[in-house]
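Quick look at structure.pdb (PDB, C-alpha atoms):
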```
ATOM      1  CA  MET A1285      13.019  -2.043  -0.722
ATOM      2  CA  ASN A1286      15.485   0.545  -2.030
ATOM      3  CA  ASN A1287      15.551  -1.040  -5.471
ATOM      4  CA  LEU A1288      11.767  -1.116  -5.518
ATOM      5  CA  LEU A1289      11.543   2.638  -4.863
ATOM      6  CA  TYR A1290      14.036   3.406  -7.606
ATOM      7  CA  THR A1291      12.208   1.097 -10.005
ATOM      8  CA  ILE A1292       8.876   2.766  -9.274
ATOM      9  CA  ALA A1293      10.445   6.208  -9.639
ATOM     10  CA  VAL A1294      12.030   5.332 -12.984
ATOM     11  CA  ILE A1295       8.779   3.861 -14.307
ATOM     12  CA  LEU A1296       6.841   6.953 -13.247
ATOM     13  CA  VAL A1297       9.375   9.288 -14.855
ATOM     14  CA  ILE A1298       9.227   7.292 -18.102
ATOM     15  CA  ILE A1299       5.421   7.401 -18.073
ATOM     16  CA  TRP A1300       5.590  11.144 -17.404
ATOM     17  CA  ALA A1301       8.013  11.707 -20.272
ATOM     18  CA  ILE A1302       5.830   9.712 -22.677
ATOM     19  CA  GLY A1303       2.747  11.609 -21.575
ATOM     20  CA  PHE A1304       4.484  14.972 -21.701
ATOM     21  CA  LEU A1305       5.966  14.432 -25.152
ATOM     22  CA  GLY A1306       3.346  12.304 -26.855
ATOM     23  CA  TYR A1307      -0.032  12.494 -25.186
ATOM     24  CA  ASN A1308      -1.917  15.243 -23.455
ATOM     25  CA  ALA A1309      -2.986  13.563 -20.222
ATOM     26  CA  GLY A1310      -3.189  16.776 -18.235
ATOM     27  CA  ALA A1311      -2.412  16.948 -14.547
ATOM     28  CA  LEU A1312      -2.174  13.166 -14.079
ATOM     29  CA  ILE A1313       1.243  13.034 -15.726
ATOM     30  CA  HIS A1314       2.583  15.817 -13.522
ATOM     31  CA  ILE A1315       1.213  14.116 -10.421
ATOM     32  CA  LEU A1316       3.114  10.968 -11.435
ATOM     33  CA  LEU A1317       6.295  13.020 -11.781
ATOM     34  CA  VAL A1318       5.832  14.532  -8.330
ATOM     35  CA  ILE A1319       5.284  11.080  -6.814
ATOM     36  CA  ALA A1320       8.442   9.806  -8.515
ATOM     37  CA  LEU A1321      10.520  12.730  -7.249
ATOM     38  CA  ILE A1322       9.161  12.368  -3.713
ATOM     39  CA  SER A1323      10.008   8.667  -3.647
ATOM     40  CA  VAL A1324      13.567   9.360  -4.824
ATOM     41  CA  LEU A1325      14.021  12.134  -2.259
ATOM     42  CA  LEU A1326      12.678   9.960   0.558
ATOM     43  CA  ASN A1327      15.046   7.189  -0.462
ATOM     44  CA  LEU A1328      18.007   9.569  -0.503
ATOM     45  CA  ILE A1329      17.092  11.042   2.886
ATOM     46  CA  ARG A1330      16.641   7.622   4.466
ATOM     47  CA  GLY A1331      19.890   6.416   2.924
ATOM     48  CA  ASN A1332      21.846   9.355   4.318
ATOM     49  CA  LYS A1333      20.567   8.786   7.849
ATOM     50  CA  ARG A1334      21.869   5.205   7.843
ATOM     51  CA  ALA A1335      25.371   6.153   6.709
TER      52      ALA A1335
END
```

Show the structure stored in the file as structure tokens.
Amino acid sequence: MNNLLYTIAVILVIIWAIGFLGYNAGALIHILLVIALISVLLNLIRGNKRA
């Protein structure tokens, strides 16, 4: 599950970067970035509680 969250986060960040640099997709790209950051933060928080 941890690898899946990181994979989703990386894909969303790549999509955000492409949209931010190449296409003008508006707020959708920024929403994808926020979702990616939240998933990474949740994974880090959950990982720290187990250690």

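If you look at atom CA of A:Val1324 and atom CA of A:Gly1303, they are 20.1 Å away from each other.
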
*Go ahead and compute the interatomic distance for atom CA of A:Leu1321 and atom CA of A:Trp1300, in Å to one decimal.*
11.4 Å

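For the pair atom CA of A:Tyr1290 and atom CA of A:Asn1327, the interatomic distance is 8.1 Å.
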
Distance cut-off 9 Å, centre (1.3, 8.0, -17.3) in file coordinates, counting all atoms listed in the file: which residues qualify? Return them as a tab-separated table (two decimals) with C-alpha atoms, in the coordinates of the input.
```
chain	number	residue	atom	x	y	z
A	1296	LEU	CA	6.84	6.95	-13.25
A	1297	VAL	CA	9.38	9.29	-14.86
A	1298	ILE	CA	9.23	7.29	-18.10
A	1299	ILE	CA	5.42	7.40	-18.07
A	1300	TRP	CA	5.59	11.14	-17.40
A	1301	ALA	CA	8.01	11.71	-20.27
A	1302	ILE	CA	5.83	9.71	-22.68
A	1303	GLY	CA	2.75	11.61	-21.58
A	1304	PHE	CA	4.48	14.97	-21.70
A	1309	ALA	CA	-2.99	13.56	-20.22
A	1312	LEU	CA	-2.17	13.17	-14.08
A	1313	ILE	CA	1.24	13.03	-15.73
A	1314	HIS	CA	2.58	15.82	-13.52
A	1316	LEU	CA	3.11	10.97	-11.44
A	1317	LEU	CA	6.30	13.02	-11.78
```

Using the file's own x, y and z axes, what box holds all listed atoms of stretch 1292-1304 of chain A with 3 Å on each side, keeping edges along x, y and z, and what are its centre and edge lengths in Å to one decimal, as JSON?
```
{"center_x": 7.4, "center_y": 8.9, "center_z": -16.0, "size_x": 15.3, "size_y": 18.2, "size_z": 19.4}
```
